[in-house]
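Listing of my_file-v3.csv, CSV, C-alpha atoms
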chain,number,residue,atom,x,y,z
A,419,MET,CA,0.0,0.0,0.0
A,420,HIS,CA,1.5,3.3,-1.1
A,421,GLU,CA,0.9,6.2,1.3
A,422,VAL,CA,0.6,9.8,0.2
A,423,THR,CA,0.8,13.0,2.2
A,424,GLU,CA,-0.7,16.3,1.4
A,425,VAL,CA,1.4,19.3,0.4
A,426,ASN,CA,-0.1,22.1,2.5
A,427,PHE,CA,0.7,25.2,0.5
A,428,GLY,CA,-1.1,27.4,3.1
A,429,VAL,CA,-3.6,28.7,0.6
A,430,PRO,CA,-6.9,27.4,-0.6
A,431,CYS,CA,-6.3,25.0,-3.5
A,432,ASN,CA,-8.8,23.9,-6.1
A,433,THR,CA,-6.6,20.8,-6.6
A,434,ARG,CA,-5.0,19.5,-3.5
A,435,VAL,CA,-1.6,17.8,-4.1
A,436,TRP,CA,-0.6,14.7,-2.3
A,437,LEU,CA,2.8,13.1,-2.7
A,438,SER,CA,4.3,9.7,-2.1
A,439,ARG,CA,7.6,9.5,-0.2
A,440,SER,CA,9.4,8.6,-3.5
A,441,ALA,CA,7.9,11.6,-5.3
A,442,GLU,CA,8.8,13.8,-2.3
A,443,ARG,CA,12.4,12.6,-2.4
A,444,ALA,CA,12.7,13.1,-6.1
A,445,ILE,CA,11.3,16.6,-5.8
A,446,GLN,CA,13.8,17.4,-3.0
A,447,LYS,CA,16.7,16.2,-5.1
A,448,PHE,CA,15.5,18.2,-8.1
A,449,ARG,CA,14.9,21.3,-5.9
A,450,ARG,CA,18.5,21.3,-4.7
A,451,LYS,CA,20.1,20.7,-8.1
A,452,GLY,CA,17.7,21.7,-10.9
A,453,ASP,CA,15.4,24.3,-9.4
A,454,PRO,CA,17.6,26.8,-7.4
A,455,ASP,CA,15.1,29.6,-7.7
A,456,GLY,CA,12.1,27.4,-6.7
A,457,SER,CA,10.2,28.3,-9.9
A,458,PHE,CA,8.9,24.8,-10.4
A,459,TRP,CA,7.6,24.6,-6.8
A,460,LYS,CA,6.1,28.0,-7.1
A,461,ARG,CA,4.3,27.1,-10.3
A,462,LEU,CA,3.0,23.9,-8.7
A,463,LYS,CA,1.5,26.0,-5.9
A,464,ARG,CA,-0.2,28.4,-8.4
A,465,TRP,CA,-1.5,25.5,-10.5
A,466,ALA,CA,-2.9,23.9,-7.4
A,467,GLN,CA,-4.6,27.2,-6.4
A,468,ASN,CA,-6.2,27.6,-9.8
A,469,GLY,CA,-7.0,23.9,-10.1
A,470,PHE,CA,-5.1,21.6,-12.4
A,471,ARG,CA,-7.9,21.6,-14.9
A,472,LEU,CA,-7.0,25.1,-16.1
A,473,HIS,CA,-3.5,24.0,-17.0
A,474,GLU,CA,-4.3,20.7,-18.6
A,475,GLY,CA,-4.0,20.3,-22.4
A,476,PRO,CA,-1.7,19.2,-25.2
A,477,ASP,CA,0.3,22.5,-24.8
A,478,GLY,CA,-0.2,22.8,-21.1
A,479,PRO,CA,2.1,21.8,-18.2
A,480,ILE,CA,-0.3,19.1,-17.1
A,481,ARG,CA,-0.9,16.4,-19.7
A,482,LEU,CA,-2.4,13.0,-19.9
A,483,GLU,CA,0.2,10.3,-20.5
A,484,TRP,CA,-1.9,7.1,-20.6
A,485,ASP,CA,-4.3,5.0,-18.5
A,486,GLY,CA,-5.4,8.0,-16.5
A,487,VAL,CA,-1.9,8.9,-15.5
A,488,TYR,CA,-0.9,12.5,-15.9
A,489,ARG,CA,2.5,14.2,-15.9
A,490,VAL,CA,3.1,17.6,-14.3
A,491,GLY,CA,6.0,19.7,-15.6
A,492,PRO,CA,6.6,23.1,-17.3
A,493,ILE,CA,8.1,23.5,-20.7
A,494,ASP,CA,11.4,24.8,-19.4
A,495,SER,CA,12.2,21.8,-17.3
A,496,LEU,CA,12.5,18.1,-17.9
A,497,PHE,CA,11.4,17.3,-14.4
A,498,ARG,CA,8.0,15.5,-14.2
A,499,ILE,CA,5.7,14.5,-11.4
A,500,ILE,CA,3.7,11.5,-12.4
A,501,GLY,CA,0.3,10.8,-10.8
A,502,PHE,CA,-3.4,10.7,-11.2
A,503,TYR,CA,-6.6,12.3,-10.0
A,504,GLU,CA,-8.5,10.7,-7.1
A,505,ASN,CA,-11.7,11.1,-9.2
A,506,ASP,CA,-13.2,13.1,-12.0
A,507,SER,CA,-13.7,16.2,-9.8
A,508,ARG,CA,-9.9,16.8,-10.0
A,509,ALA,CA,-10.0,18.1,-6.5
A,510,HIS,CA,-7.1,15.8,-5.4
A,511,PHE,CA,-4.0,14.9,-7.4
A,512,ILE,CA,-2.0,12.0,-6.2
A,513,GLY,CA,1.7,12.4,-7.1
A,514,MET,CA,3.1,8.9,-7.0
A,515,ASP,CA,6.4,9.3,-8.7
A,516,ALA,CA,8.7,11.9,-10.1
A,517,PHE,CA,11.8,11.9,-12.3
A,518,LEU,CA,14.0,14.0,-14.4
A,519,LYS,CA,13.8,13.1,-18.1
A,520,HIS,CA,17.1,12.8,-19.9
A,521,GLY,CA,15.8,14.2,-23.2
A,522,GLN,CA,12.6,15.0,-25.0
A,523,GLN,CA,11.6,11.3,-25.2
A,524,LEU,CA,10.7,9.1,-22.2
A,525,THR,CA,13.1,6.2,-21.7
A,526,ASP,CA,11.8,2.6,-21.5
A,527,GLY,CA,12.5,2.7,-17.7
A,528,GLN,CA,10.5,5.9,-17.3
A,529,LYS,CA,7.6,4.4,-19.3
A,530,LYS,CA,7.6,1.4,-17.0
A,531,ARG,CA,7.5,3.8,-14.0
A,532,ILE,CA,4.4,5.4,-15.6
A,533,ASP,CA,2.9,1.9,-16.1
A,534,ALA,CA,3.6,1.2,-12.4
A,535,VAL,CA,1.7,4.3,-11.4
A,536,ALA,CA,-1.2,3.3,-13.7
A,537,ALA,CA,-1.2,-0.1,-11.9
A,538,ILE,CA,-1.4,1.6,-8.5
A,539,LYS,CA,-4.3,3.7,-9.7
A,540,ARG,CA,-6.1,0.7,-11.3
A,541,ASP,CA,-5.7,-1.4,-8.2
A,542,GLY,CA,-6.4,1.4,-5.7
A,543,ASN,CA,-3.1,0.5,-4.0
A,544,TRP,CA,-2.7,3.8,-2.3
A,545,ARG,CA,-4.1,5.7,0.7
A,546,LYS,CA,-3.9,9.2,2.1
A,547,THR,CA,-2.2,9.6,5.4
A,548,GLU,CA,-2.7,12.3,7.9
A,549,ASN,CA,0.3,14.5,7.9
A,550,VAL,CA,1.5,14.2,11.5
A,551,ARG,CA,4.4,16.4,10.6
A,552,TYR,CA,2.1,19.4,10.6
A,553,PRO,CA,0.5,20.8,13.8
A,554,ARG,CA,-2.8,19.2,14.5
A,555,ILE,CA,-5.9,21.0,15.8
A,556,ALA,CA,-6.6,19.7,19.3
A,557,ARG,CA,-9.9,17.8,19.6
B,1046,MET,CA,12.7,18.1,9.0
B,1047,SER,CA,10.3,16.5,6.6
B,1048,GLY,CA,10.9,16.8,2.9
B,1049,ILE,CA,7.7,18.6,2.1
B,1050,ARG,CA,8.2,20.9,5.1
B,1051,GLU,CA,11.7,21.7,3.8
B,1052,LEU,CA,10.4,22.4,0.3
B,1053,LEU,CA,7.7,24.7,1.7
B,1054,ASP,CA,10.3,26.6,3.7
B,1055,ASP,CA,12.4,27.0,0.5
B,1056,LEU,CA,9.3,28.3,-1.2
B,1057,SER,CA,8.6,30.7,1.6
B,1058,GLN,CA,12.2,32.1,1.3
B,1059,PHE,CA,11.9,32.4,-2.5
B,1060,GLU,CA,8.6,34.3,-2.1
B,1061,SER,CA,10.3,36.9,0.0
B,1062,THR,CA,12.8,37.9,-2.8
B,1063,PRO,CA,12.4,40.8,-5.3
B,1064,GLU,CA,12.5,38.3,-8.1
B,1065,ALA,CA,9.4,36.5,-6.7
B,1066,VAL,CA,7.4,39.7,-7.2
B,1067,GLY,CA,8.1,39.7,-10.9
B,1068,TYR,CA,7.5,35.9,-11.1
B,1069,GLU,CA,4.0,36.4,-9.6
B,1070,LEU,CA,3.2,38.7,-12.5
B,1071,ARG,CA,4.3,36.0,-14.9
B,1072,LEU,CA,2.0,33.6,-13.2
B,1073,ASP,CA,-0.8,36.2,-13.2
B,1074,LEU,CA,-0.4,36.8,-16.9
B,1075,ALA,CA,-0.4,33.1,-17.7
B,1076,ASP,CA,-3.6,32.7,-15.7
B,1077,ILE,CA,-5.3,35.5,-17.6
B,1078,VAL,CA,-4.2,34.2,-20.9
B,1079,LEU,CA,-5.4,30.7,-20.1
B,1080,ARG,CA,-8.8,31.8,-18.7
B,1081,ARG,CA,-9.4,34.0,-21.8
B,1082,LEU,CA,-8.3,31.2,-24.2
B,1083,ARG,CA,-10.9,29.0,-22.5
B,1084,GLU,CA,-13.6,31.6,-22.7
B,1085,LEU,CA,-12.9,32.1,-26.4
B,1086,GLY,CA,-12.4,28.4,-27.2
B,1087,TRP,CA,-9.0,29.3,-28.8
B,1088,THR,CA,-5.9,27.2,-29.0
B,1089,GLN,CA,-2.5,28.7,-28.1
B,1090,ALA,CA,-1.7,28.5,-31.9
B,1091,GLN,CA,-4.7,30.7,-32.7
B,1092,LEU,CA,-3.6,33.2,-30.1
B,1093,ALA,CA,-0.1,33.3,-31.6
B,1094,ASP,CA,-1.6,33.9,-35.0
B,1095,ALA,CA,-3.9,36.7,-33.7
B,1096,ALA,CA,-1.0,38.3,-31.8
B,1097,HIS,CA,1.5,37.9,-34.6
B,1098,MET,CA,3.8,35.9,-32.4
B,1099,GLN,CA,5.4,32.5,-32.6
B,1100,SER,CA,3.4,29.7,-31.1
B,1101,PRO,CA,6.3,28.4,-28.9
B,1102,PHE,CA,6.6,31.9,-27.4
B,1103,VAL,CA,2.9,31.8,-26.4
B,1104,THR,CA,3.4,28.3,-24.9
B,1105,ARG,CA,6.3,29.6,-22.8
B,1106,ILE,CA,4.1,32.5,-21.6
B,1107,VAL,CA,1.4,30.0,-20.6
B,1108,HIS,CA,3.9,27.9,-18.7
B,1109,SER,CA,5.3,31.1,-17.0
B,1110,ALA,CA,8.6,30.1,-18.5
B,1111,GLN,CA,9.0,33.4,-20.4
B,1112,ASN,CA,9.8,36.9,-19.2
B,1113,CYS,CA,8.2,39.5,-21.4
B,1114,THR,CA,7.8,43.3,-21.6
B,1115,PHE,CA,4.6,45.1,-20.8
B,1116,ASP,CA,4.3,45.8,-24.6
B,1117,VAL,CA,4.3,42.1,-25.4
B,1118,ALA,CA,1.8,41.4,-22.6
B,1119,GLY,CA,-0.4,44.2,-24.1
B,1120,ARG,CA,-0.2,42.6,-27.5
B,1121,LEU,CA,-1.3,39.2,-26.1
B,1122,LEU,CA,-4.1,40.7,-24.1
B,1123,HIS,CA,-5.3,42.9,-27.0
B,1124,ALA,CA,-5.5,39.8,-29.2
B,1125,LEU,CA,-7.6,38.2,-26.5
B,1126,GLY,CA,-9.9,41.1,-26.2
B,1127,ALA,CA,-8.8,41.6,-22.6
B,1128,LYS,CA,-7.6,44.5,-20.6
B,1129,ALA,CA,-5.4,44.3,-17.5
B,1130,LYS,CA,-4.1,46.6,-14.9
B,1131,LEU,CA,-1.8,46.3,-12.0
B,1132,VAL,CA,-3.3,46.7,-8.5
B,1133,GLU,CA,-2.0,46.2,-5.0
B,1134,ALA,CA,-3.1,42.8,-3.8
B,1135,ALA,CA,-3.4,43.9,-0.3
B,1136,THR,CA,-5.9,46.5,-1.2
B,1137,SER,CA,-9.4,45.4,-2.0
B,1138,CYS,CA,-10.3,47.3,-5.1
B,1139,VAL,CA,-13.3,47.7,-7.3
B,1140,GLU,CA,-12.8,49.0,-10.8
B,1141,THR,CA,-15.8,50.1,-12.8
B,1142,THR,CA,-15.7,51.2,-16.4
B,1143,ASN,CA,-18.0,51.5,-19.3
B,1144,THR,CA,-17.1,48.0,-20.4
B,1145,GLY,CA,-17.4,46.1,-17.2
B,1146,TYR,CA,-15.7,45.8,-13.8
B,1147,ALA,CA,-13.3,43.6,-11.9
B,1148,TYR,CA,-12.0,43.5,-8.5
B,1149,VAL,CA,-9.5,41.7,-6.3
B,1150,GLU,CA,-10.3,40.6,-2.9
B,1151,GLU,CA,-8.2,39.3,-0.1
B,1152,SER,CA,-9.4,37.2,2.8
B,1153,ALA,CA,-7.4,35.0,5.2
B,1154,GLY,CA,-4.3,35.7,3.3
B,1155,ALA,CA,-5.6,34.4,0.0
B,1156,VAL,CA,-6.1,36.8,-2.9
B,1157,GLU,CA,-8.8,36.0,-5.3
B,1158,GLN,CA,-9.1,37.7,-8.6
B,1159,LYS,CA,-12.6,38.1,-9.9
B,1160,THR,CA,-13.5,39.3,-13.3
B,1161,PHE,CA,-16.8,40.1,-15.0
B,1162,PRO,CA,-17.1,40.3,-18.7
B,1163,SER,CA,-18.6,43.4,-20.1
B,1164,ALA,CA,-21.6,43.6,-22.3
B,1165,SER,CA,-19.4,44.7,-25.2
B,1166,GLY,CA,-17.3,41.5,-25.0
B,1167,ALA,CA,-14.2,43.2,-23.7
B,1168,THR,CA,-13.0,41.7,-20.4
B,1169,ASN,CA,-11.2,43.7,-17.7
B,1170,TYR,CA,-8.6,41.9,-15.7
B,1171,GLN,CA,-6.2,43.0,-13.1
B,1172,LEU,CA,-2.7,41.9,-12.6
B,1173,ARG,CA,-1.9,42.0,-9.0
B,1174,ILE,CA,1.2,43.0,-7.2
B,1175,ALA,CA,1.9,41.3,-3.9
B,1176,ALA,CA,2.3,44.2,-1.5
B,1177,GLU,CA,3.5,42.8,1.8
B,1178,ALA,CA,4.9,44.7,4.7
B,1179,ARG,CA,8.5,43.8,5.4
Would you write the structure of this file as structure tokens?
Amino acid sequence: MHEVTEVNFGVPCNTRVWLSRSAERAIQKFRRKGDPDGSFWKRLKRWAQNGFRLHEGPDGPIRLEWDGVYRVGPIDSLFRIIGFYENDSRAHFIGMDAFLKHGQQLTDGQKKRIDAVAAIKRDGNWRKTENVRYPRIAR
Amino acid sequence: MSGIRELLDDLSQFESTPEAVGYELRLDLADIVLRRLRELGWTQAQLADAAHMQSPFVTRIVHSAQNCTFDVAGRLLHALGAKAKLVEAATSCVETTNTGYAYVEESAGAVEQKTFPSASGATNYQLRIAAEAR
């Protein structure tokens, strides 16, 4: 069972973003080496605020790959978050994996990783976890 | 420190830089262009044709990957039949004109941009400037 934790941007978001640990680690690594000014992360926040639907499309940063799996990534970066929506409302995006492409084309290994995410979506083999790392409201 | 927490802290630091203010405007412009494209049912290529620009340039604007001058932003907005103005995000503001009105409101730290198309078809938008006390 793959657990995902919400990214709390601190603002109301029309699409709430959840990340697996492996996606989180990949983003951290990319953040240090490939995104020194934080522009990818900042754009992710804005897209979440607007709702991912606005930014979807063949020329947009959020595109359908296959089997209900989407990739999130701007044109000026080869970094991609791979995930899927919880349902058709697009209110929750589940970022299950992330990687840095080596060129314009996906490698066979990266295609297999997208297939693996599709399998997780198909089998419902994931669950949201409460983020205990953020302060909780006392009951 | 958790990974996400660390990333959010990095984001918070970035948002306090002068560069971030300009970057917000890029994001705002991309939002306006995208919303107006949806309203018109246009593709980015159609906008590029209408604005006499290269399609990849428009795509970079939509991805907030491209810096541009006010003049270029004006050409894009003109092609889309939209108008925009800069306002202070911290100030609730209502703008009324002969062609419609738009306002920006802020509550609980979140700024929401609301726009109302005019009867004539022109749309007024406001680009917001994050005005935070340091």
What are the closest atom pairs, with distances in Å to one decimal, for all residues of chain B lying within 8 Å of chain A? Consider only C-alpha atoms, order rows by chain and residue number, and present the result as a Markdown table.
| residue | atom | partner | partner_atom | distance |
| --- | --- | --- | --- | --- |
| B:Ser1047 | CA | A:Arg551 | CA | 7.1 |
| B:Gly1048 | CA | A:Glu442 | CA | 6.4 |
| B:Ile1049 | CA | A:Val425 | CA | 6.6 |
| B:Leu1052 | CA | A:Gln446 | CA | 6.9 |
| B:Leu1053 | CA | A:Phe427 | CA | 7.1 |
| B:Asp1055 | CA | A:Gly456 | CA | 7.2 |
| B:Leu1056 | CA | A:Gly456 | CA | 6.2 |
| B:Phe1059 | CA | A:Gly456 | CA | 6.5 |
| B:Leu1072 | CA | A:Arg464 | CA | 7.4 |
| B:Leu1079 | CA | A:Leu472 | CA | 7.1 |
| B:Arg1080 | CA | A:Leu472 | CA | 7.4 |
| B:Gln1089 | CA | A:Asp477 | CA | 7.6 |
| B:Thr1104 | CA | A:Asp477 | CA | 6.6 |
| B:Arg1105 | CA | A:Ile493 | CA | 6.7 |
| B:Val1107 | CA | A:Gly478 | CA | 7.4 |
| B:His1108 | CA | A:Pro492 | CA | 5.7 |
| B:Ser1109 | CA | A:Arg461 | CA | 7.9 |
| B:Ala1110 | CA | A:Asp494 | CA | 6.1 |
| B:Gly1154 | CA | A:Val429 | CA | 7.5 |
| B:Ala1155 | CA | A:Val429 | CA | 6.1 |
Expected file contents, prior selection, C-alpha atoms, as a compact mmCIF listing (two decimals), in the frame of the given file:
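And here is the file that came out, part.txt:
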# COMPACT_ATOMS: atom_id res chain seq x y z
CA SER B 1047 10.30 16.50 6.60
CA GLY B 1048 10.90 16.80 2.90
CA ILE B 1049 7.70 18.60 2.10
CA LEU B 1052 10.40 22.40 0.30
CA LEU B 1053 7.70 24.70 1.70
CA ASP B 1055 12.40 27.00 0.50
CA LEU B 1056 9.30 28.30 -1.20
CA PHE B 1059 11.90 32.40 -2.50
CA LEU B 1072 2.00 33.60 -13.20
CA LEU B 1079 -5.40 30.70 -20.10
CA ARG B 1080 -8.80 31.80 -18.70
CA GLN B 1089 -2.50 28.70 -28.10
CA THR B 1104 3.40 28.30 -24.90
CA ARG B 1105 6.30 29.60 -22.80
CA VAL B 1107 1.40 30.00 -20.60
CA HIS B 1108 3.90 27.90 -18.70
CA SER B 1109 5.30 31.10 -17.00
CA ALA B 1110 8.60 30.10 -18.50
CA GLY B 1154 -4.30 35.70 3.30
CA ALA B 1155 -5.60 34.40 0.00
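Of note, CA of Arg545 (chain A) and CA of Val490 (chain A) are spaced 20.5 Å apart.
Counting from CA of Ala1118 (chain B), the distance to CA of Arg498 (chain A) is 27.9 Å.
CA of Met1098 (chain B) to CA of Leu1131 (chain B) spans 23.6 Å [interatomic distance, one decimal].
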From the set B:Val1066, B:Ile1106, B:Leu1082, B:Ala1096, which residue has the shortest atom-to-atom contact distance to Arg1120 (chain B), counting all atoms listed in the file?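 With all atoms listed in the file as the atom set, the closest residue is B:Ala1096.
Counting only C-alpha atoms and comparing B:Val1103, B:Ser1057, B:Ala1075, B:Ala1129, the residue that lies closest to Thr1088 (chain B) is B:Val1103.
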Spatial sel., origin (-7.8, 39.3, -29.4), limit 12 Å, all atoms listed in the file, listed as a ChimeraX atom specification: /B:1078,1081-1082,1084-1085,1087,1089,1091-1097,1118-1128,1166-1168
Can you find the residues with an atom no farther than 12 Å from (-10.6, 15.4, -9.6), counting only C-alpha atoms, and report them as JSON, numbers by chain? {"A": [432, 433, 434, 435, 466, 469, 470, 471, 486, 488, 501, 502, 503, 504, 505, 506, 507, 508, 509, 510, 511, 512]}
Those same residues - C-alpha atoms - I'd like them written as a PDB file, keeping the file's coordinate frame.
ATOM      1  CA  ASN A 432      -8.800  23.900  -6.100  1.00  0.00           C
ATOM      2  CA  THR A 433      -6.600  20.800  -6.600  1.00  0.00           C
ATOM      3  CA  ARG A 434      -5.000  19.500  -3.500  1.00  0.00           C
ATOM      4  CA  VAL A 435      -1.600  17.800  -4.100  1.00  0.00           C
ATOM      5  CA  ALA A 466      -2.900  23.900  -7.400  1.00  0.00           C
ATOM      6  CA  GLY A 469      -7.000  23.900 -10.100  1.00  0.00           C
ATOM      7  CA  PHE A 470      -5.100  21.600 -12.400  1.00  0.00           C
ATOM      8  CA  ARG A 471      -7.900  21.600 -14.900  1.00  0.00           C
ATOM      9  CA  GLY A 486      -5.400   8.000 -16.500  1.00  0.00           C
ATOM     10  CA  TYR A 488      -0.900  12.500 -15.900  1.00  0.00           C
ATOM     11  CA  GLY A 501       0.300  10.800 -10.800  1.00  0.00           C
ATOM     12  CA  PHE A 502      -3.400  10.700 -11.200  1.00  0.00           C
ATOM     13  CA  TYR A 503      -6.600  12.300 -10.000  1.00  0.00           C
ATOM     14  CA  GLU A 504      -8.500  10.700  -7.100  1.00  0.00           C
ATOM     15  CA  ASN A 505     -11.700  11.100  -9.200  1.00  0.00           C
ATOM     16  CA  ASP A 506     -13.200  13.100 -12.000  1.00  0.00           C
ATOM     17  CA  SER A 507     -13.700  16.200  -9.800  1.00  0.00           C
ATOM     18  CA  ARG A 508      -9.900  16.800 -10.000  1.00  0.00           C
ATOM     19  CA  ALA A 509     -10.000  18.100  -6.500  1.00  0.00           C
ATOM     20  CA  HIS A 510      -7.100  15.800  -5.400  1.00  0.00           C
ATOM     21  CA  PHE A 511      -4.000  14.900  -7.400  1.00  0.00           C
ATOM     22  CA  ILE A 512      -2.000  12.000  -6.200  1.00  0.00           C
TER      23      ILE A 512
END
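When all atoms listed in the file are used to measure the gap to Arg489 (chain A), the shortest distance among A:Lys451, A:Arg540, A:Arg531, A:Lys546 belongs to A:Arg531.
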